[in-house]
$ cat model.cif   # mmCIF, C-alpha atoms (C1' of nucleotides)
data_protein
loop_
_atom_site.label_atom_id
_atom_site.label_comp_id
_atom_site.auth_asym_id
_atom_site.auth_seq_id
_atom_site.Cartn_x
_atom_site.Cartn_y
_atom_site.Cartn_z
CA MET A 165 -36.52 81.68 -176.15
CA THR A 166 -38.10 84.05 -173.64
CA ASP A 167 -35.96 82.64 -170.82
CA TYR A 168 -32.70 83.36 -172.59
CA PRO A 169 -30.21 84.76 -170.03
CA VAL A 170 -30.45 88.53 -170.23
CA GLN A 171 -26.74 89.02 -169.57
CA LEU A 172 -25.90 87.30 -172.89
CA LYS A 173 -28.20 89.39 -175.06
CA LEU A 174 -26.25 91.38 -177.63
CA GLU A 175 -28.25 94.51 -176.82
CA HIS A 176 -27.09 94.25 -173.23
CA GLN A 177 -23.35 94.19 -174.03
CA LEU A 178 -21.28 97.29 -173.31
CA CYS A 179 -18.39 95.64 -175.20
CA PHE A 180 -20.43 95.35 -178.38
CA ALA A 181 -21.73 98.91 -178.11
CA LEU A 182 -18.12 100.07 -177.94
CA TYR A 183 -17.00 97.81 -180.77
CA ALA A 184 -19.86 98.86 -183.05
CA CYS A 185 -19.60 102.54 -182.15
CA SER A 186 -15.86 102.63 -182.77
CA ARG A 187 -16.26 101.09 -186.21
CA GLU A 188 -19.13 103.39 -187.18
CA MET A 189 -17.11 106.40 -186.08
CA THR A 190 -14.17 105.27 -188.19
CA LYS A 191 -16.54 104.99 -191.14
CA LEU A 192 -17.48 108.65 -190.73
CA TYR A 193 -13.80 109.57 -190.97
CA ARG A 194 -13.12 107.46 -194.04
CA PRO A 195 -14.30 109.85 -196.80
CA PHE A 196 -12.31 112.73 -195.29
CA LEU A 197 -9.22 110.60 -194.75
CA ASP A 198 -9.47 109.17 -198.26
CA GLU A 199 -8.92 112.69 -199.55
CA LEU A 200 -5.64 112.79 -197.64
CA GLY A 201 -4.70 109.26 -198.67
CA LEU A 202 -4.67 108.12 -195.04
CA THR A 203 -6.16 105.22 -193.13
CA TYR A 204 -7.63 105.85 -189.70
CA THR A 205 -4.67 104.33 -187.86
CA GLN A 206 -2.22 106.32 -189.94
CA TYR A 207 -4.27 109.43 -189.11
CA VAL A 208 -4.11 108.97 -185.33
CA THR A 209 -0.39 108.25 -185.63
CA LEU A 210 0.04 111.58 -187.37
CA LEU A 211 -2.07 113.28 -184.67
CA VAL A 212 0.60 112.23 -182.18
CA LEU A 213 3.45 113.35 -184.41
CA TRP A 214 1.86 116.71 -185.16
CA GLU A 215 1.71 117.32 -181.42
CA GLN A 216 5.21 116.06 -180.71
CA ASP A 217 7.70 115.32 -183.46
CA ASN A 218 10.71 113.05 -183.27
CA VAL A 219 9.27 110.42 -180.92
CA SER A 220 10.26 106.77 -180.60
CA VAL A 221 8.16 103.84 -181.74
CA LYS A 222 7.82 102.92 -178.09
CA GLN A 223 6.39 106.34 -177.20
CA LEU A 224 3.99 106.15 -180.14
CA GLY A 225 2.88 102.75 -178.92
CA GLU A 226 2.23 104.07 -175.43
CA GLU A 227 0.12 106.94 -176.71
CA LEU A 228 -1.82 104.86 -179.21
CA LEU A 229 -1.93 101.62 -177.21
CA LEU A 230 -0.45 99.75 -180.15
CA ASP A 231 2.58 97.47 -180.28
CA SER A 232 5.46 97.26 -182.73
CA GLY A 233 3.70 94.48 -184.60
CA THR A 234 1.13 97.03 -185.71
CA LEU A 235 3.29 100.13 -185.78
CA THR A 236 6.33 98.90 -187.67
CA PRO A 237 4.52 98.07 -190.93
CA LEU A 238 2.33 101.17 -190.61
CA LEU A 239 5.33 103.45 -190.12
CA LYS A 240 7.11 101.85 -193.06
CA LYS A 241 4.10 102.75 -195.21
CA LEU A 242 4.10 106.34 -193.98
CA GLU A 243 7.82 106.44 -194.74
CA ALA A 244 7.24 105.01 -198.21
CA THR A 245 4.65 107.72 -198.94
CA GLY A 246 7.12 110.36 -197.80
CA LEU A 247 5.29 111.65 -194.72
CA ILE A 248 7.84 110.56 -192.10
CA THR A 249 11.39 109.34 -191.68
CA ARG A 250 12.57 106.56 -189.36
CA ALA A 251 16.06 106.46 -187.88
CA ARG A 252 17.81 104.66 -185.07
CA ASP A 253 18.46 106.85 -182.05
CA ALA A 254 22.19 107.54 -181.86
CA LYS A 255 21.91 107.71 -178.06
CA ASP A 256 20.24 104.29 -177.86
CA GLU A 257 20.48 102.14 -180.93
CA ARG A 258 17.56 100.02 -179.74
CA SER A 259 15.14 102.89 -180.32
CA VAL A 260 13.80 104.10 -183.62
CA LEU A 261 12.89 107.78 -183.82
CA VAL A 262 10.07 108.88 -186.07
CA GLN A 263 10.14 112.33 -187.59
CA LEU A 264 7.76 114.22 -189.85
CA THR A 265 8.96 115.30 -193.26
CA GLU A 266 8.08 118.70 -194.69
CA GLN A 267 5.24 116.96 -196.51
CA GLY A 268 4.05 115.20 -193.37
CA ARG A 269 3.94 118.43 -191.43
CA ALA A 270 2.14 120.21 -194.26
CA LEU A 271 -0.64 117.63 -194.20
CA GLN A 272 -1.71 118.86 -190.76
CA VAL A 273 -3.28 121.96 -192.27
CA ARG A 274 -5.54 119.87 -194.47
CA ALA A 275 -6.58 117.75 -191.48
CA THR A 276 -7.50 120.61 -189.16
CA ASP A 277 -11.20 120.72 -190.01
CA ILE A 278 -11.86 117.00 -190.10
CA PRO A 279 -12.73 116.41 -186.40
CA GLU A 280 -15.34 119.16 -186.48
CA LYS A 281 -16.91 117.92 -189.72
CA VAL A 282 -17.19 114.42 -188.32
CA PHE A 283 -18.49 115.63 -184.97
CA CYS A 284 -21.38 117.41 -186.68
CA GLN A 285 -22.54 114.04 -187.96
CA THR A 286 -22.72 112.52 -184.48
CA GLY A 287 -25.71 114.58 -183.38
CA LEU A 288 -23.99 115.21 -180.04
CA SER A 289 -23.70 118.57 -178.34
CA LEU A 290 -20.18 119.69 -177.48
CA GLU A 291 -21.06 119.09 -173.85
CA GLU A 292 -22.28 115.54 -174.48
CA GLY A 293 -19.28 114.75 -176.65
CA SER A 294 -16.83 115.87 -173.99
CA ARG A 295 -18.62 114.01 -171.24
CA LEU A 296 -18.69 110.82 -173.29
CA ARG A 297 -15.02 111.14 -174.22
CA GLU A 298 -14.02 111.71 -170.60
CA LYS A 299 -16.04 108.72 -169.47
CA LEU A 300 -14.33 106.54 -172.08
CA GLN A 301 -10.88 107.83 -171.17
CA GLN A 302 -11.58 107.09 -167.52
CA LEU A 303 -12.74 103.59 -168.48
CA VAL A 304 -9.58 102.95 -170.51
CA ARG A 305 -7.46 103.94 -167.52
CA GLU A 306 -9.46 101.67 -165.24
CA MET A 307 -9.19 98.70 -167.60
CA GLN A 308 -5.45 99.14 -167.98
CA GLU A 309 -4.97 98.83 -164.22
CA THR A 310 -6.49 95.38 -164.07
CA MET B 115 3.99 123.88 -179.80
CA THR B 116 1.67 125.73 -177.41
CA ASP B 117 -0.40 127.09 -180.31
CA TYR B 118 -1.13 123.62 -181.69
CA PRO B 119 -4.82 123.52 -182.72
CA VAL B 120 -6.69 122.01 -179.78
CA GLN B 121 -9.14 120.20 -182.03
CA LEU B 122 -6.32 117.99 -183.36
CA LYS B 123 -4.96 116.90 -179.98
CA LEU B 124 -5.27 113.16 -179.50
CA GLU B 125 -6.66 113.67 -176.00
CA HIS B 126 -9.49 115.71 -177.48
CA GLN B 127 -10.66 113.03 -179.94
CA LEU B 128 -13.87 111.15 -179.21
CA CYS B 129 -13.02 108.78 -182.07
CA PHE B 130 -9.75 107.76 -180.45
CA ALA B 131 -11.35 107.31 -177.03
CA LEU B 132 -13.82 104.92 -178.64
CA TYR B 133 -11.15 103.11 -180.63
CA ALA B 134 -8.86 102.68 -177.61
CA CYS B 135 -11.70 101.75 -175.26
CA SER B 136 -13.07 99.15 -177.62
CA ARG B 137 -9.69 97.47 -178.00
CA GLU B 138 -9.00 97.52 -174.26
CA MET B 139 -12.41 95.99 -173.60
CA THR B 140 -11.71 93.23 -176.11
CA LYS B 141 -8.44 92.56 -174.29
CA LEU B 142 -10.38 91.97 -171.07
CA TYR B 143 -12.47 89.35 -172.83
CA ARG B 144 -9.51 87.55 -174.39
CA PRO B 145 -8.45 85.30 -171.48
CA PHE B 146 -12.04 84.14 -170.96
CA LEU B 147 -12.64 83.58 -174.65
CA ASP B 148 -9.35 81.75 -175.03
CA GLU B 149 -10.75 79.14 -172.67
CA LEU B 150 -13.62 78.61 -175.08
CA GLY B 151 -11.35 78.70 -178.12
CA LEU B 152 -13.17 81.76 -179.48
CA THR B 153 -12.09 85.12 -180.85
CA TYR B 154 -14.09 88.19 -179.89
CA THR B 155 -15.84 88.44 -183.24
CA GLN B 156 -16.72 84.75 -183.15
CA TYR B 157 -18.11 85.32 -179.65
CA VAL B 158 -20.47 88.14 -180.63
CA THR B 159 -21.59 86.08 -183.62
CA LEU B 160 -22.52 83.29 -181.24
CA LEU B 161 -24.32 85.77 -178.98
CA VAL B 162 -26.65 86.47 -181.90
CA LEU B 163 -27.11 82.80 -182.70
CA TRP B 164 -27.77 81.84 -179.08
CA GLU B 165 -30.59 84.40 -179.08
CA GLN B 166 -31.99 83.42 -182.44
CA ASP B 167 -30.88 80.31 -184.27
CA ASN B 168 -31.12 79.63 -187.98
CA VAL B 169 -30.53 83.16 -189.25
CA SER B 170 -29.12 84.25 -192.59
CA VAL B 171 -25.69 85.77 -193.14
CA LYS B 172 -27.49 88.96 -194.08
CA GLN B 173 -29.35 89.09 -190.76
CA LEU B 174 -26.14 88.40 -188.86
CA GLY B 175 -24.51 91.22 -190.75
CA GLU B 176 -27.31 93.61 -189.84
CA GLU B 177 -27.10 92.76 -186.14
CA LEU B 178 -23.32 92.87 -185.98
CA LEU B 179 -22.78 95.65 -188.54
CA LEU B 180 -20.42 93.39 -190.47
CA ASP B 181 -20.46 92.48 -194.15
CA SER B 182 -20.04 89.16 -195.91
CA GLY B 183 -16.37 89.89 -196.47
CA THR B 184 -15.86 89.56 -192.73
CA LEU B 185 -18.58 87.05 -191.94
CA THR B 186 -18.05 84.45 -194.62
CA PRO B 187 -14.54 83.42 -193.55
CA LEU B 188 -15.48 83.71 -189.87
CA LEU B 189 -18.50 81.46 -190.31
CA LYS B 190 -16.43 78.96 -192.24
CA LYS B 191 -14.09 78.75 -189.27
CA LEU B 192 -16.97 78.25 -186.84
CA GLU B 193 -18.26 75.54 -189.17
CA ALA B 194 -14.82 73.91 -189.32
CA THR B 195 -14.66 73.80 -185.51
CA GLY B 196 -18.09 72.19 -185.44
CA LEU B 197 -20.05 74.96 -183.71
CA ILE B 198 -22.39 75.84 -186.58
CA THR B 199 -23.65 74.60 -189.93
CA ARG B 200 -24.19 76.69 -193.06
CA ALA B 201 -26.76 75.84 -195.71
CA ARG B 202 -28.46 77.59 -198.61
CA ASP B 203 -32.05 78.56 -197.88
CA ALA B 204 -34.33 76.34 -199.95
CA LYS B 205 -36.85 79.20 -200.16
CA ASP B 206 -34.25 81.64 -201.52
CA GLU B 207 -31.07 80.10 -202.81
CA ARG B 208 -29.27 83.42 -202.53
CA SER B 209 -29.39 83.25 -198.74
CA VAL B 210 -27.23 81.12 -196.49
CA LEU B 211 -28.76 80.05 -193.19
CA VAL B 212 -26.55 79.59 -190.17
CA GLN B 213 -27.52 77.10 -187.52
CA LEU B 214 -25.95 76.08 -184.22
CA THR B 215 -24.83 72.51 -183.76
CA GLU B 216 -25.40 70.66 -180.50
CA GLN B 217 -21.85 71.63 -179.58
CA GLY B 218 -22.40 75.26 -180.49
CA ARG B 219 -25.51 75.46 -178.36
CA ALA B 220 -23.77 73.73 -175.45
CA LEU B 221 -21.04 76.37 -175.44
CA GLN B 222 -23.57 78.99 -174.32
CA VAL B 223 -23.58 77.58 -170.79
CA ARG B 224 -19.83 78.09 -170.45
CA ALA B 225 -20.16 81.67 -171.72
CA THR B 226 -22.92 82.77 -169.36
CA ASP B 227 -20.69 84.21 -166.65
CA ILE B 228 -18.19 85.98 -168.90
CA PRO B 229 -19.94 89.36 -169.25
CA GLU B 230 -20.25 89.73 -165.49
CA LYS B 231 -16.62 88.76 -164.87
CA VAL B 232 -15.44 91.31 -167.41
CA PHE B 233 -17.78 94.00 -166.14
CA CYS B 234 -16.30 93.71 -162.66
CA GLN B 235 -12.96 94.78 -164.11
CA THR B 236 -14.36 97.98 -165.60
CA GLY B 237 -14.88 99.68 -162.25
CA LEU B 238 -18.29 100.86 -163.43
CA SER B 239 -21.49 100.61 -161.44
CA LEU B 240 -24.37 98.79 -163.14
CA GLU B 241 -26.07 102.15 -163.48
CA GLU B 242 -23.05 103.79 -165.13
CA GLY B 243 -22.52 100.81 -167.42
CA SER B 244 -26.11 100.90 -168.65
CA ARG B 245 -26.07 104.64 -169.17
CA LEU B 246 -22.84 104.45 -171.15
CA ARG B 247 -24.09 101.55 -173.26
CA GLU B 248 -27.34 103.38 -174.05
CA LYS B 249 -25.45 106.50 -175.00
CA LEU B 250 -23.24 104.50 -177.36
CA GLN B 251 -26.21 102.68 -178.88
CA GLN B 252 -27.92 106.00 -179.48
CA LEU B 253 -24.74 107.33 -181.09
CA VAL B 254 -24.47 104.32 -183.39
CA ARG B 255 -28.06 104.86 -184.53
CA GLU B 256 -27.37 108.55 -185.15
CA MET B 257 -24.21 107.84 -187.15
CA GLN B 258 -25.96 105.27 -189.29
CA GLU B 259 -28.53 107.82 -190.37
CA THR B 260 -25.94 110.14 -191.88
"C1'" DT C 111 -43.37 86.84 -220.21
"C1'" DG C 112 -38.59 88.33 -220.97
"C1'" DC C 113 -34.97 90.81 -219.36
"C1'" DA C 114 -32.70 94.51 -216.78
"C1'" DA C 115 -31.91 95.65 -212.15
"C1'" DT C 116 -31.40 94.15 -207.54
"C1'" DT C 117 -30.05 91.16 -203.87
"C1'" DG C 118 -27.18 87.92 -200.99
"C1'" DA C 119 -22.77 85.55 -200.62
"C1'" DA C 120 -18.33 84.74 -201.83
"C1'" DT C 121 -13.85 86.28 -203.33
"C1'" DT C 122 -9.82 89.34 -203.69
"C1'" DG C 123 -6.77 92.69 -202.00
"C1'" DC C 124 -5.12 95.75 -198.55
"C1'" DA C 125 -4.44 97.41 -193.83
"C1'" DT C 126 -4.70 96.63 -189.36
"C1'" DA C 127 -4.39 94.16 -184.32
"C1'" DC C 128 -1.97 91.27 -181.59
"C1'" DA C 129 0.43 87.03 -179.71
"C1'" DA C 130 4.76 84.82 -180.04
"C1'" DT C 131 9.36 84.81 -181.31
"C1'" DC C 132 13.81 86.65 -182.79
"C1'" DT C 133 17.63 90.07 -183.05
"C1'" DT C 134 20.27 93.73 -181.48
"C1'" DT C 135 21.63 96.84 -178.02
"C1'" DA C 136 21.88 98.41 -173.33
"C1'" DT C 137 22.03 97.62 -168.38
"C1'" DA C 138 22.86 95.42 -163.97
"C1'" DC C 139 25.67 93.22 -160.97
"C1'" DA C 140 28.34 89.20 -159.22
"C1'" DT D 64 34.77 93.17 -166.46
"C1'" DG D 65 32.20 89.45 -168.22
"C1'" DT D 66 27.70 87.76 -168.57
"C1'" DA D 67 22.83 87.22 -167.58
"C1'" DT D 68 18.83 89.97 -168.07
"C1'" DA D 69 16.06 93.39 -169.93
"C1'" DA D 70 14.46 96.54 -173.40
"C1'" DA D 71 13.08 98.10 -178.20
"C1'" DG D 72 11.93 96.83 -182.76
"C1'" DA D 73 11.19 93.66 -186.36
"C1'" DT D 74 9.17 89.48 -188.03
"C1'" DT D 75 5.79 85.75 -188.48
"C1'" DG D 76 1.34 83.90 -188.31
"C1'" DT D 77 -3.60 84.25 -187.52
"C1'" DA D 78 -7.94 86.71 -187.60
"C1'" DT D 79 -10.38 90.35 -188.61
"C1'" DG D 80 -12.67 94.74 -191.27
"C1'" DC D 81 -13.96 96.55 -195.34
"C1'" DA D 82 -13.94 98.23 -200.32
"C1'" DA D 83 -14.51 96.40 -204.76
"C1'" DT D 84 -15.77 92.87 -207.72
"C1'" DT D 85 -17.94 88.60 -209.18
"C1'" DC D 86 -21.55 85.14 -209.42
"C1'" DA D 87 -25.96 83.17 -208.95
"C1'" DA D 88 -30.74 83.72 -207.78
"C1'" DT D 89 -34.70 86.64 -207.51
"C1'" DT D 90 -37.63 90.56 -208.52
"C1'" DG D 91 -39.75 94.24 -210.93
"C1'" DC D 92 -41.88 95.89 -214.65
"C1'" DA D 93 -42.25 97.30 -219.68
#
$ encode --input "model.cif" --output "C-alpha cells"
Amino acid sequence: MTDYPVQLKLEHQLCFALYACSREMTKLYRPFLDELGLTYTQYVTLLVLWEQDNVSVKQLGEELLLDSGTLTPLLKKLEATGLITRARDAKDERSVLVQLTEQGRALQVRATDIPEKVFCQTGLSLEEGSRLREKLQQLVREMQET
Amino acid sequence: MTDYPVQLKLEHQLCFALYACSREMTKLYRPFLDELGLTYTQYVTLLVLWEQDNVSVKQLGEELLLDSGTLTPLLKKLEATGLITRARDAKDERSVLVQLTEQGRALQVRATDIPEKVFCQTGLSLEEGSRLREKLQQLVREMQET
DNA sequence: TGCAATTGAATTGCATACAATCTTTATACA
DNA sequence: TGTATAAAGATTGTATGCAATTCAATTGCA
C-alpha cells in the first residue's frame, strides 16, 4: 500500500486534526463543567449570556454558529434547571428572548477560573494559544464566505 | 459590562475557535460526501480502512479517537450499505475485524479529489495548512498525555 | 491449573448537530 | 389594504459522541 494517494491519508487531513482536537479539548473541560452541572454546549451558551444578557435565540445562534434545532432543546434544559428564562419579545412575537436568572448569573463566578485551568493542560504558551486561536477564527470567517 | 472578565469572553476561547472551526470544516465536506452517501464520521472511518484494511474496532478507535459506543452503530450502517464486513477475529474472539468490500474499496477513487476541493475553499496556502495541521496534531498529543 | 482481573465490543441513555418541515408573526408592495 | 413573502422558532428524524454498564473471551498469576 506504499502507493496509496497521500492526499487521502488520515494524518494529512486538516479536517481530522480539527475534529480530533476539538473533541480532545472538550474532554479537558468535562471534569470542570461536571462540577457546574453543565455540558460544553451549555457552557458556551452561558459565555454569550454572561457577556450580553437578554439576547434572542437568533443572536445566540449567530454567535455560536448553531441553529434553533440545536438551541431550542438546549435552552429548554437550561430553563428547566433554573439558569435562564425564555420569553417572546413583546416588540416582535417571532423572537424569543433569553435572560439569565439570578442563579444563572451567579454561576459565572464559579466558571471564571476554568479557561485558565484547561489552558495549562494544553502545553501552549499564551502567545502560541493566541496565535492559534486567531488563525482558527480567521479560517472560520473564510469558510463562511464560501 | 466593560469589567467583564476577559478570560470568559467567547472571542478569547481557543476551545470555541476549535469547536466552531471543526463544524464549519465539516460543513464544507458535506456536499461532496452527500454525493457518496457518506457522513463525515463514516468518511474518516473509510480513510483509515483505505490505508489499512482488515483492522479491529479497537484499532479504528485508536486512530479516530472514538470508542465502541460511537463506532459499533456506525460500522453496522456501513455494513448495511455494503461498504464493509464485520467479523470476529478467529485468533481472539473478543476482537471484531473490519474489512472493505469490493464496493467499499471502489469508493476510494471517487473520494480522491475531495480533500483538495475542500482545501481550496479554506483560503489557506499549502504551507499554512500544513503548519496549522501540525500544530493541531501536536496539541492533540499534548492533551492526551494529561 | 483455577480463578480473579483485564480486555474488546455491544448496549443503553443522554445531549448534541443539523437538514427538512411546520407554525406563527411581521413585512413588503401591488 | 389584502396577500404573498420572509423571518424566527419549534419540531421531527437521523447520526453522532461519550459515559456507564454488560457480556464474553483472554490473560495473569497465586
$ residues_around --input "model.cif" --residues "A:Thr236" --least-positions-apart "3" --cutoff "12 Å" --atoms "all atoms listed in the file" --output "PyMOL selection string"
(chain A and resi 206+209+220-222+224-225+230-233+239-243+250+260-262) or (chain C and resi 126) or (chain D and resi 71-74)
$ interface_residues --input "model.cif" --of "chain D" --to "chain B" --cutoff "12 Å" --atoms "only C-alpha atoms (C1' of nucleotides)" --output "list in words"
DT77, DA78, DT79, DG80, DC81, DA82, DA83, DT84, DC86, DA87, DA88, DT89 and DT90 of chain D
$ resolve_selection --input "model.cif" --expression "the PyMOL selection byres ((chain C) within 10 of (chain A))" --output "ChimeraX atom specification"
/C:125-129,134-136
$ resolve_selection --input "model.cif" --expression "the PyMOL selection byres ((chain B) within 6 of (chain A))" --output "VMD selection string"
chain B and resid 128 131 to 133 135 to 136 236 247 250 to 251 254 257
$ write_last_selection --input "model.cif" --atoms "C-alpha atoms" --output "PDB file, in the coordinates of the input"
ATOM      1  CA  LEU B 128     -13.870 111.150-179.210  1.00  0.00           C
ATOM      2  CA  ALA B 131     -11.350 107.310-177.030  1.00  0.00           C
ATOM      3  CA  LEU B 132     -13.820 104.920-178.640  1.00  0.00           C
ATOM      4  CA  TYR B 133     -11.150 103.110-180.630  1.00  0.00           C
ATOM      5  CA  CYS B 135     -11.700 101.750-175.260  1.00  0.00           C
ATOM      6  CA  SER B 136     -13.070  99.150-177.620  1.00  0.00           C
ATOM      7  CA  THR B 236     -14.360  97.980-165.600  1.00  0.00           C
ATOM      8  CA  ARG B 247     -24.090 101.550-173.260  1.00  0.00           C
ATOM      9  CA  LEU B 250     -23.240 104.500-177.360  1.00  0.00           C
ATOM     10  CA  GLN B 251     -26.210 102.680-178.880  1.00  0.00           C
ATOM     11  CA  VAL B 254     -24.470 104.320-183.390  1.00  0.00           C
ATOM     12  CA  MET B 257     -24.210 107.840-187.150  1.00  0.00           C
TER      13      MET B 257
END
$ atom_distance --input "model.cif" --atom1 "atom C1' of D:DA67" --atom2 "atom CA of A:Ala251"
28.8 Å
$ resolve_selection --input "model.cif" --expression "the PyMOL selection byres ((chain D and resi 92) around 12)" --output "list of chain:residue names"
C:DT111, C:DG112, C:DC113, C:DA114, C:DA115, D:DT90, D:DG91, D:DA93
$ atom_distance --input "model.cif" --atom1 "atom CA of A:Glu266" --atom2 "atom CA of A:Glu226"
24.9 Å
$ closest_residue --input "model.cif" --among "B:Arg144, B:Leu214, B:Ser239, B:Gln173" --to "C:DG118" --atoms "only C-alpha atoms (C1' of nucleotides)"
B:Gln173
$ axis_aligned_box --input "model.cif" --around "stretch 85-88 of chain D" --padding-each-side "8 Å" --output "JSON"
{"center_x": -24.3, "center_y": 85.9, "center_z": -208.6, "size_x": 28.8, "size_y": 21.4, "size_z": 17.6}
$ atom_distance --input "model.cif" --atom1 "atom C1' of D:DT75" --atom2 "atom CA of B:Pro145"
22.2 Å
$ build_atoms --input "model.cif" --residues "stretch 240-259 of chain B" --atoms "N, CA, C and O atoms" --output "PDB file, in the coordinates of the input"
ATOM      1  N   LEU B 240     -23.391  99.290-162.170  1.00  0.00           N
ATOM      2  CA  LEU B 240     -24.370  98.790-163.140  1.00  0.00           C
ATOM      3  C   LEU B 240     -25.066  99.957-163.822  1.00  0.00           C
ATOM      4  O   LEU B 240     -25.289  99.963-165.033  1.00  0.00           O
ATOM      5  N   GLU B 241     -25.403 100.960-162.988  1.00  0.00           N
ATOM      6  CA  GLU B 241     -26.070 102.150-163.480  1.00  0.00           C
ATOM      7  C   GLU B 241     -25.226 102.886-164.533  1.00  0.00           C
ATOM      8  O   GLU B 241     -25.702 103.216-165.627  1.00  0.00           O
ATOM      9  N   GLU B 242     -23.955 103.112-164.202  1.00  0.00           N
ATOM     10  CA  GLU B 242     -23.050 103.790-165.130  1.00  0.00           C
ATOM     11  C   GLU B 242     -22.876 102.988-166.420  1.00  0.00           C
ATOM     12  O   GLU B 242     -22.849 103.544-167.517  1.00  0.00           O
ATOM     13  N   GLY B 243     -22.725 101.685-166.261  1.00  0.00           N
ATOM     14  CA  GLY B 243     -22.520 100.810-167.420  1.00  0.00           C
ATOM     15  C   GLY B 243     -23.698 100.889-168.372  1.00  0.00           C
ATOM     16  O   GLY B 243     -23.523 101.011-169.592  1.00  0.00           O
ATOM     17  N   SER B 244     -24.906 100.836-167.819  1.00  0.00           N
ATOM     18  CA  SER B 244     -26.110 100.900-168.650  1.00  0.00           C
ATOM     19  C   SER B 244     -26.222 102.245-169.353  1.00  0.00           C
ATOM     20  O   SER B 244     -26.546 102.314-170.532  1.00  0.00           O
ATOM     21  N   ARG B 245     -25.951 103.300-168.585  1.00  0.00           N
ATOM     22  CA  ARG B 245     -26.070 104.640-169.170  1.00  0.00           C
ATOM     23  C   ARG B 245     -25.084 104.799-170.331  1.00  0.00           C
ATOM     24  O   ARG B 245     -25.442 105.310-171.398  1.00  0.00           O
ATOM     25  N   LEU B 246     -23.858 104.338-170.111  1.00  0.00           N
ATOM     26  CA  LEU B 246     -22.840 104.450-171.150  1.00  0.00           C
ATOM     27  C   LEU B 246     -23.225 103.634-172.382  1.00  0.00           C
ATOM     28  O   LEU B 246     -23.149 104.108-173.518  1.00  0.00           O
ATOM     29  N   ARG B 247     -23.687 102.408-172.148  1.00  0.00           N
ATOM     30  CA  ARG B 247     -24.090 101.550-173.260  1.00  0.00           C
ATOM     31  C   ARG B 247     -25.227 102.185-174.064  1.00  0.00           C
ATOM     32  O   ARG B 247     -25.178 102.240-175.293  1.00  0.00           O
ATOM     33  N   GLU B 248     -26.218 102.738-173.344  1.00  0.00           N
ATOM     34  CA  GLU B 248     -27.340 103.380-174.050  1.00  0.00           C
ATOM     35  C   GLU B 248     -26.885 104.582-174.861  1.00  0.00           C
ATOM     36  O   GLU B 248     -27.355 104.804-175.975  1.00  0.00           O
ATOM     37  N   LYS B 249     -25.975 105.332-174.285  1.00  0.00           N
ATOM     38  CA  LYS B 249     -25.450 106.500-175.000  1.00  0.00           C
ATOM     39  C   LYS B 249     -24.741 106.061-176.288  1.00  0.00           C
ATOM     40  O   LYS B 249     -24.895 106.680-177.346  1.00  0.00           O
ATOM     41  N   LEU B 250     -23.971 104.995-176.192  1.00  0.00           N
ATOM     42  CA  LEU B 250     -23.240 104.500-177.360  1.00  0.00           C
ATOM     43  C   LEU B 250     -24.192 103.934-178.411  1.00  0.00           C
ATOM     44  O   LEU B 250     -24.014 104.144-179.614  1.00  0.00           O
ATOM     45  N   GLN B 251     -25.229 103.241-177.943  1.00  0.00           N
ATOM     46  CA  GLN B 251     -26.210 102.680-178.880  1.00  0.00           C
ATOM     47  C   GLN B 251     -26.939 103.791-179.626  1.00  0.00           C
ATOM     48  O   GLN B 251     -27.174 103.696-180.833  1.00  0.00           O
ATOM     49  N   GLN B 252     -27.269 104.843-178.877  1.00  0.00           N
ATOM     50  CA  GLN B 252     -27.920 106.000-179.480  1.00  0.00           C
ATOM     51  C   GLN B 252     -27.004 106.644-180.520  1.00  0.00           C
ATOM     52  O   GLN B 252     -27.429 107.017-181.621  1.00  0.00           O
ATOM     53  N   LEU B 253     -25.722 106.729-180.187  1.00  0.00           N
ATOM     54  CA  LEU B 253     -24.740 107.330-181.090  1.00  0.00           C
ATOM     55  C   LEU B 253     -24.579 106.499-182.362  1.00  0.00           C
ATOM     56  O   LEU B 253     -24.491 107.042-183.467  1.00  0.00           O
ATOM     57  N   VAL B 254     -24.565 105.202-182.210  1.00  0.00           N
ATOM     58  CA  VAL B 254     -24.470 104.320-183.390  1.00  0.00           C
ATOM     59  C   VAL B 254     -25.670 104.580-184.310  1.00  0.00           C
ATOM     60  O   VAL B 254     -25.504 104.736-185.525  1.00  0.00           O
ATOM     61  N   ARG B 255     -26.853 104.632-183.717  1.00  0.00           N
ATOM     62  CA  ARG B 255     -28.060 104.860-184.530  1.00  0.00           C
ATOM     63  C   ARG B 255     -27.948 106.207-185.266  1.00  0.00           C
ATOM     64  O   ARG B 255     -28.262 106.301-186.458  1.00  0.00           O
ATOM     65  N   GLU B 256     -27.503 107.224-184.549  1.00  0.00           N
ATOM     66  CA  GLU B 256     -27.370 108.550-185.150  1.00  0.00           C
ATOM     67  C   GLU B 256     -26.378 108.535-186.317  1.00  0.00           C
ATOM     68  O   GLU B 256     -26.627 109.081-187.382  1.00  0.00           O
ATOM     69  N   MET B 257     -25.246 107.865-186.114  1.00  0.00           N
ATOM     70  CA  MET B 257     -24.210 107.840-187.150  1.00  0.00           C
ATOM     71  C   MET B 257     -24.636 107.037-188.370  1.00  0.00           C
ATOM     72  O   MET B 257     -24.186 107.293-189.473  1.00  0.00           O
ATOM     73  N   GLN B 258     -25.505 106.069-188.152  1.00  0.00           N
ATOM     74  CA  GLN B 258     -25.960 105.270-189.290  1.00  0.00           C
ATOM     75  C   GLN B 258     -26.940 106.025-190.167  1.00  0.00           C
ATOM     76  O   GLN B 258     -27.108 105.699-191.333  1.00  0.00           O
ATOM     77  N   GLU B 259     -27.579 107.045-189.580  1.00  0.00           N
ATOM     78  CA  GLU B 259     -28.530 107.820-190.370  1.00  0.00           C
ATOM     79  C   GLU B 259     -27.836 108.729-191.377  1.00  0.00           C
ATOM     80  O   GLU B 259     -28.377 109.017-192.428  1.00  0.00           O
TER      81      GLU B 259
END
